[in-house]
Amino acid sequence: MSKHLFYLSSEQLAAYQWQGGRLSGGSVFSHDAEGVERFMDYLDSQPLMPALLLTDLVEEDFQRINVPHVGGMGGRKLLQRRLQQQYRETPYRHYEIQGRMADGRRDDMVLLAALTNPATVQPWLDALDQLQMPLAGLYSTTLLSTALVHKLGLRDEHLLLLTQQSGGWRQSYFQNGQLKFSRLTAAINRDGQPIDLGTETAKTQQFLTSVRLMGRGNVLHAVVIAPVASTPVLEGQCEDGPETSFRFLSLRHVATRLGLRSDELQVNELAAQLADPMLLTLLARQHGIRQYPLGSVRRHFKLWRIRRVLYWGSAVLGTASLLWLGANLWQARDAQQQSGTLMAEAASYDQRYRSVMAAMPPSVTSTANMRAAVNVERMLGTQAPAPLEMAAMVSAALEQTPQIRLLQLDWKAMQGDGAAPSAPTQGDGRQAAPISSALLGIPTKPAQSLLLEAEILGDQDDYRAAVDNMNRFAQQLASNPRLTVAIDKPPLDTRSSVKLSAKAGPASEDAHARFSLILVWKP
């Protein structure tokens, strides 16, 4: 992704572009009002891209503190309070947790860092904010050098990394791979001569010993990153001692170790002698790192990112819509072809049908009549009345009342008015009247009646038991849905209008009390 990369030192700001994985540009702007105006004119002529601001300032302070180990939101709030107490005059503050103490309460070891002079950074941030430049982050070459140490595989216990940058010689001290201290010294002394790097290293080592970051007798491994052309002069200034060991790495060698192309460091003749392009390239290839907060200045980057997501979402949605449209057009074309094939087949079948029908003799009746006859036949098969259902009901009731013995059944289908059909007569030679379609189950199944005659097994003189058995049998039948039960003739008729009579003498053994019921079932 293309980016603007800005390198800010105490005297100037250098603007670069990162495009296609290569660093280009290198325009320099002085640290004054005129330089800021030229910088804004420069941005007006450049495309709108995310920007990263890398600082290399003298006014950058580092402090090491121990705080109680507190996790979660409470721990973050505690560190923010300590950071604000340490650096009240600047909003550009940062902390890094570097592990825990080995003894005692096992407090967290924290490195606090801040740009103590906001006036050096603020004019450039205001210019970027005024032009609505999407500034992604504010970074420090010192904090970024931690990634450089890890990528180079420098694992010395006491390491001093020296790099020549736009602001001078940056000396960063690492203890077991963790940044503890950094200082920036000018590359030219007051007399206009290059500084003695060995002398400056000795001063730094003396300071580290005084603040007890190093003990006496420990060896400080100083790694100097410089161009090949400057190495002989620097080797003459830096001599190994009992507590100091120097090692020199060329910029080209470091670039190879970082996986950078050799042409990425050749931005311009001046930058080729410095570590600025290497650090900017390392920053451009980092993803998701956050150092010094930007506050409201970062809102333009958030809006740019949202706009980019919307653009990508629209592109994806448009592509998906085009694919969906293409698929529908292809399916429509395929369906049209299949429709043409089916219509041709239908026309062929119609032609064959007409030819076959033309060769056949005239039909007895029409197709509609044949269809109606088939429908009537199917209706008769499913709705024609039959005594099977009522016989099943009677059989179930007889199983529940074994004292009842069936003598005779008279089943009939009933007309719509509930009357039984009259038998047709042909005595005078005339044609019998047709049977009603309602009796055949058209359009619905007709009601059915059953005259049931039965006798009650048991003591012949016990009419009370006979009546109870008949009532129980009738109630069992009436439990069937849509079945009506009426007593036609009880085993003992006690009505006042009926004459009560009997025969004297012994009764016959096979004589039992008889009764008859009328069952009407409406399906």
# chains A, B, ... in the order shown; residues from 1 in each chain; ligands from 1
$ select_by_dssp --residues "segment 184-231 of chain A" --states "helix (DSSP H, G or I)" --output "VMD selection string"
chain A and resid 197 to 210 228 to 231
$ residues_around --residues "Tyr139 of chain A" --least-positions-apart "3" --cutoff "7 Å" --atoms "only C-alpha atoms" --output "list in words"
Leu53, Leu54, Thr55, Gln291 and Tyr292 of chain A
$ residues_around --residues "Lys522 of chain A" --least-positions-apart "4" --cutoff "7 Å" --atoms "only C-alpha atoms" --output "VMD selection string"
chain A and resid 446 to 448 482 to 483
$ residues_around --residues "Ile404 of chain A" --least-positions-apart "4" --cutoff "12 Å" --atoms "only C-alpha atoms" --output "ChimeraX atom specification"
/A:394-395,397-400,452-458,465-474,491,512-516
$ residues_around --residues "segment 127-134 of chain A" --least-positions-apart "3" --cutoff "12 Å" --atoms "only C-alpha atoms" --output "ChimeraX atom specification"
/A:3-6,33,35-53,121-124,137-138,294-308
$ write_last_selection --atoms "N, CA and C atoms" --output "compact mmCIF listing (two decimals), in the first residue's frame"
# COMPACT_ATOMS: atom_id res chain seq x y z
N LYS A 3 2.27 4.99 0.76
CA LYS A 3 2.25 5.79 1.99
C LYS A 3 3.15 6.99 1.83
N HIS A 4 2.87 8.03 2.64
CA HIS A 4 3.79 9.13 2.85
C HIS A 4 4.60 8.82 4.10
N LEU A 5 5.92 8.97 4.02
CA LEU A 5 6.80 8.76 5.17
C LEU A 5 7.54 10.07 5.44
N PHE A 6 7.40 10.58 6.65
CA PHE A 6 8.05 11.84 7.04
C PHE A 6 9.05 11.55 8.14
N ALA A 33 8.68 28.82 9.84
CA ALA A 33 7.38 29.10 9.23
C ALA A 33 7.45 28.92 7.72
N GLY A 35 9.47 26.98 6.06
CA GLY A 35 9.56 25.54 5.76
C GLY A 35 8.22 24.85 5.87
N VAL A 36 7.40 25.22 6.88
CA VAL A 36 6.07 24.63 7.03
C VAL A 36 5.18 24.99 5.84
N GLU A 37 5.27 26.26 5.37
CA GLU A 37 4.48 26.67 4.21
C GLU A 37 4.88 25.88 2.96
N ARG A 38 6.19 25.72 2.75
CA ARG A 38 6.66 24.92 1.62
C ARG A 38 6.19 23.47 1.73
N PHE A 39 6.16 22.97 2.96
CA PHE A 39 5.71 21.61 3.18
C PHE A 39 4.22 21.45 2.82
N MET A 40 3.42 22.44 3.16
CA MET A 40 1.99 22.38 2.82
C MET A 40 1.79 22.48 1.30
N ASP A 41 2.60 23.33 0.64
CA ASP A 41 2.52 23.38 -0.83
C ASP A 41 2.93 22.06 -1.45
N TYR A 42 3.90 21.42 -0.86
CA TYR A 42 4.33 20.11 -1.35
C TYR A 42 3.20 19.08 -1.21
N LEU A 43 2.51 19.08 -0.07
CA LEU A 43 1.43 18.11 0.14
C LEU A 43 0.27 18.36 -0.81
N ASP A 44 0.02 19.61 -1.16
CA ASP A 44 -1.08 19.89 -2.11
C ASP A 44 -0.84 19.25 -3.46
N SER A 45 0.40 19.05 -3.82
CA SER A 45 0.72 18.45 -5.12
C SER A 45 0.84 16.94 -5.07
N GLN A 46 0.67 16.35 -3.88
CA GLN A 46 0.82 14.91 -3.74
C GLN A 46 -0.55 14.23 -3.61
N PRO A 47 -0.64 12.96 -4.03
CA PRO A 47 -1.91 12.24 -3.86
C PRO A 47 -2.21 11.99 -2.39
N LEU A 48 -3.49 11.81 -2.10
CA LEU A 48 -3.92 11.56 -0.72
C LEU A 48 -3.62 10.11 -0.35
N MET A 49 -2.67 9.93 0.56
CA MET A 49 -2.27 8.60 1.02
C MET A 49 -2.08 8.64 2.52
N PRO A 50 -2.12 7.48 3.20
CA PRO A 50 -1.81 7.46 4.63
C PRO A 50 -0.38 7.94 4.88
N ALA A 51 -0.17 8.58 6.02
CA ALA A 51 1.12 9.15 6.35
C ALA A 51 1.61 8.60 7.68
N LEU A 52 2.94 8.42 7.78
CA LEU A 52 3.60 7.99 9.01
C LEU A 52 4.69 9.01 9.32
N LEU A 53 4.73 9.48 10.56
CA LEU A 53 5.71 10.49 10.98
C LEU A 53 6.69 9.84 11.94
N VAL A 121 7.12 19.21 17.33
CA VAL A 121 6.26 18.34 16.50
C VAL A 121 4.98 19.05 16.08
N GLN A 122 4.49 19.96 16.93
CA GLN A 122 3.15 20.50 16.73
C GLN A 122 2.95 21.24 15.41
N PRO A 123 3.89 22.09 14.92
CA PRO A 123 3.64 22.78 13.64
C PRO A 123 3.40 21.82 12.48
N TRP A 124 4.13 20.74 12.45
CA TRP A 124 3.96 19.78 11.36
C TRP A 124 2.65 19.03 11.49
N GLY A 137 0.15 7.46 12.38
CA GLY A 137 0.82 7.31 13.65
C GLY A 137 2.05 8.19 13.77
N LEU A 138 2.46 8.40 15.02
CA LEU A 138 3.66 9.17 15.37
C LEU A 138 4.64 8.19 16.02
N LEU A 294 -1.82 10.39 18.94
CA LEU A 294 -2.02 11.60 18.12
C LEU A 294 -3.24 12.40 18.54
N GLY A 295 -4.13 11.82 19.30
CA GLY A 295 -5.33 12.54 19.70
C GLY A 295 -6.27 12.75 18.52
N SER A 296 -6.81 13.96 18.42
CA SER A 296 -7.80 14.26 17.38
C SER A 296 -7.20 14.33 15.99
N VAL A 297 -5.87 14.46 15.88
CA VAL A 297 -5.23 14.55 14.56
C VAL A 297 -5.43 13.26 13.79
N ARG A 298 -5.62 12.15 14.48
CA ARG A 298 -5.74 10.84 13.82
C ARG A 298 -7.13 10.60 13.23
N ARG A 299 -8.07 11.52 13.46
CA ARG A 299 -9.44 11.29 12.99
C ARG A 299 -9.50 11.22 11.47
N HIS A 300 -8.62 11.97 10.79
CA HIS A 300 -8.64 11.93 9.32
C HIS A 300 -8.21 10.56 8.80
N PHE A 301 -7.30 9.90 9.54
CA PHE A 301 -6.92 8.54 9.13
C PHE A 301 -8.06 7.56 9.35
N LYS A 302 -8.80 7.73 10.45
CA LYS A 302 -9.94 6.85 10.70
C LYS A 302 -11.00 7.03 9.61
N LEU A 303 -11.26 8.29 9.24
CA LEU A 303 -12.24 8.53 8.18
C LEU A 303 -11.74 7.96 6.85
N TRP A 304 -10.45 8.12 6.58
CA TRP A 304 -9.89 7.56 5.33
C TRP A 304 -10.02 6.03 5.32
N ARG A 305 -9.77 5.41 6.46
CA ARG A 305 -9.88 3.95 6.52
C ARG A 305 -11.32 3.50 6.34
N ILE A 306 -12.27 4.23 6.95
CA ILE A 306 -13.68 3.89 6.77
C ILE A 306 -14.08 4.06 5.31
N ARG A 307 -13.62 5.17 4.70
CA ARG A 307 -13.93 5.40 3.28
C ARG A 307 -13.34 4.30 2.41
N ARG A 308 -12.14 3.86 2.73
CA ARG A 308 -11.50 2.79 1.96
C ARG A 308 -12.27 1.48 2.10
$ closest_residue --among "A:Pro242, A:Pro361, A:Gly313, A:Gly236" --to "Arg216 of chain A" --atoms "only C-alpha atoms"
A:Pro242
$ closest_residue --among "A:Asp156, A:Glu96, A:Glu377, A:Asp240" --to "Ile442 of chain A" --atoms "only C-alpha atoms"
A:Glu377
$ residues_around --residues "Gln165 of chain A" --least-positions-apart "5" --cutoff "6 Å" --atoms "only C-alpha atoms" --output "list in words"
Leu274, Ala275 and Asp276 of chain A
$ closest_residue --among "A:Asn480, A:Ala186, A:Asp410, A:Met379" --to "Gly441 of chain A" --atoms "only C-alpha atoms"
A:Met379
$ residues_around --residues "Asp108 of chain A" --least-positions-apart "5" --cutoff "6 Å" --atoms "only C-alpha atoms" --output "list of chain:residue names"
A:Asn66, A:Val67, A:His69, A:Gly99, A:Arg100
$ select_by_dssp --residues "segment 32-214 of chain A" --states "strand (DSSP E)" --output "NGL selection string"
:A and (51-56 or 60-67 or 93-100 or 108-115 or 135-140 or 158-165 or 168-175 or 178-185)
$ atom_distance --atom1 "atom CA of Leu162 of chain A" --atom2 "atom CA of Phe181 of chain A"
12.3 Å
$ atom_distance --atom1 "atom CA of Ala391 of chain A" --atom2 "atom CA of Asp462 of chain A"
28.8 Å
$ atom_distance --atom1 "atom CA of Thr484 of chain A" --atom2 "atom CA of Arg378 of chain A"
28.9 Å
$ decode --residues "segment 275-316 of chain A" --atoms "N, CA and C atoms" --output "CSV table (one decimal), in the first residue's frame"
chain,number,residue,atom,x,y,z
A,275,ALA,N,21.2,6.4,8.3
A,275,ALA,CA,20.3,5.2,8.5
A,275,ALA,C,18.9,5.6,8.4
A,276,ASP,N,18.6,6.8,8.0
A,276,ASP,CA,17.2,7.3,7.8
A,276,ASP,C,16.4,6.4,6.9
A,277,PRO,N,16.9,6.2,5.6
A,277,PRO,CA,16.1,5.3,4.7
A,277,PRO,C,15.8,3.9,5.2
A,278,MET,N,16.8,3.4,5.9
A,278,MET,CA,16.7,2.0,6.5
A,278,MET,C,15.6,2.0,7.5
A,279,LEU,N,15.6,3.0,8.4
A,279,LEU,CA,14.5,3.0,9.4
A,279,LEU,C,13.2,3.3,8.8
A,280,LEU,N,13.1,4.2,7.8
A,280,LEU,CA,11.8,4.4,7.2
A,280,LEU,C,11.3,3.2,6.5
A,281,THR,N,12.2,2.5,5.8
A,281,THR,CA,11.7,1.2,5.2
A,281,THR,C,11.3,0.2,6.2
A,282,LEU,N,12.0,0.1,7.3
A,282,LEU,CA,11.6,-0.8,8.4
A,282,LEU,C,10.2,-0.4,8.9
A,283,LEU,N,10.0,0.9,9.1
A,283,LEU,CA,8.7,1.4,9.6
A,283,LEU,C,7.5,1.1,8.6
A,284,ALA,N,7.8,1.3,7.3
A,284,ALA,CA,6.8,1.1,6.2
A,284,ALA,C,6.4,-0.4,6.2
A,285,ARG,N,7.3,-1.3,6.6
A,285,ARG,CA,6.9,-2.7,6.5
A,285,ARG,C,6.4,-3.2,7.8
A,286,GLN,N,6.3,-2.4,8.8
A,286,GLN,CA,5.7,-2.8,10.1
A,286,GLN,C,4.2,-2.6,9.9
A,287,HIS,N,3.4,-3.5,10.6
A,287,HIS,CA,1.9,-3.4,10.6
A,287,HIS,C,1.4,-3.4,12.0
A,288,GLY,N,0.4,-2.5,12.2
A,288,GLY,CA,-0.3,-2.5,13.5
A,288,GLY,C,0.4,-2.0,14.7
A,289,ILE,N,1.6,-1.3,14.6
A,289,ILE,CA,2.3,-0.8,15.7
A,289,ILE,C,1.8,0.6,16.1
A,290,ARG,N,1.7,0.8,17.4
A,290,ARG,CA,1.3,2.1,17.9
A,290,ARG,C,2.3,2.6,18.9
A,291,GLN,N,2.7,3.9,18.8
A,291,GLN,CA,3.7,4.4,19.8
A,291,GLN,C,3.1,5.7,20.4
A,292,TYR,N,3.5,6.8,20.0
A,292,TYR,CA,3.0,8.1,20.6
A,292,TYR,C,1.6,8.4,20.1
A,293,PRO,N,0.6,8.7,21.0
A,293,PRO,CA,-0.8,9.0,20.6
A,293,PRO,C,-0.9,10.3,19.8
A,294,LEU,N,-1.8,10.4,18.9
A,294,LEU,CA,-2.0,11.6,18.1
A,294,LEU,C,-3.2,12.4,18.5
A,295,GLY,N,-4.1,11.8,19.3
A,295,GLY,CA,-5.3,12.5,19.7
A,295,GLY,C,-6.3,12.8,18.5
A,296,SER,N,-6.8,14.0,18.4
A,296,SER,CA,-7.8,14.3,17.4
A,296,SER,C,-7.2,14.3,16.0
A,297,VAL,N,-5.9,14.5,15.9
A,297,VAL,CA,-5.2,14.5,14.6
A,297,VAL,C,-5.4,13.3,13.8
A,298,ARG,N,-5.6,12.2,14.5
A,298,ARG,CA,-5.7,10.8,13.8
A,298,ARG,C,-7.1,10.6,13.2
A,299,ARG,N,-8.1,11.5,13.5
A,299,ARG,CA,-9.4,11.3,13.0
A,299,ARG,C,-9.5,11.2,11.5
A,300,HIS,N,-8.6,12.0,10.8
A,300,HIS,CA,-8.6,11.9,9.3
A,300,HIS,C,-8.2,10.6,8.8
A,301,PHE,N,-7.3,9.9,9.5
A,301,PHE,CA,-6.9,8.5,9.1
A,301,PHE,C,-8.1,7.6,9.4
A,302,LYS,N,-8.8,7.7,10.5
A,302,LYS,CA,-9.9,6.9,10.7
A,302,LYS,C,-11.0,7.0,9.6
A,303,LEU,N,-11.3,8.3,9.2
A,303,LEU,CA,-12.2,8.5,8.2
A,303,LEU,C,-11.7,8.0,6.8
A,304,TRP,N,-10.4,8.1,6.6
A,304,TRP,CA,-9.9,7.6,5.3
A,304,TRP,C,-10.0,6.0,5.3
A,305,ARG,N,-9.8,5.4,6.5
A,305,ARG,CA,-9.9,3.9,6.5
A,305,ARG,C,-11.3,3.5,6.3
A,306,ILE,N,-12.3,4.2,7.0
A,306,ILE,CA,-13.7,3.9,6.8
A,306,ILE,C,-14.1,4.1,5.3
A,307,ARG,N,-13.6,5.2,4.7
A,307,ARG,CA,-13.9,5.4,3.3
A,307,ARG,C,-13.3,4.3,2.4
A,308,ARG,N,-12.1,3.9,2.7
A,308,ARG,CA,-11.5,2.8,2.0
A,308,ARG,C,-12.3,1.5,2.1
A,309,VAL,N,-12.7,1.2,3.3
A,309,VAL,CA,-13.5,0.0,3.6
A,309,VAL,C,-14.8,0.0,2.8
A,310,LEU,N,-15.4,1.2,2.7
A,310,LEU,CA,-16.7,1.4,2.0
A,310,LEU,C,-16.4,1.2,0.5
A,311,TYR,N,-15.3,1.7,0.0
A,311,TYR,CA,-14.9,1.6,-1.4
A,311,TYR,C,-14.7,0.1,-1.7
A,312,TRP,N,-14.0,-0.6,-0.9
A,312,TRP,CA,-13.7,-2.0,-1.1
A,312,TRP,C,-15.0,-2.8,-1.0
A,313,GLY,N,-15.9,-2.4,0.0
A,313,GLY,CA,-17.2,-3.1,0.1
A,313,GLY,C,-18.0,-2.9,-1.2
A,314,SER,N,-18.0,-1.7,-1.7
A,314,SER,CA,-18.8,-1.4,-2.9
A,314,SER,C,-18.3,-2.1,-4.1
A,315,ALA,N,-16.9,-2.2,-4.1
A,315,ALA,CA,-16.3,-3.0,-5.2
A,315,ALA,C,-16.7,-4.5,-5.2
A,316,VAL,N,-16.6,-5.0,-4.0
A,316,VAL,CA,-17.0,-6.4,-3.8
A,316,VAL,C,-18.5,-6.6,-4.1
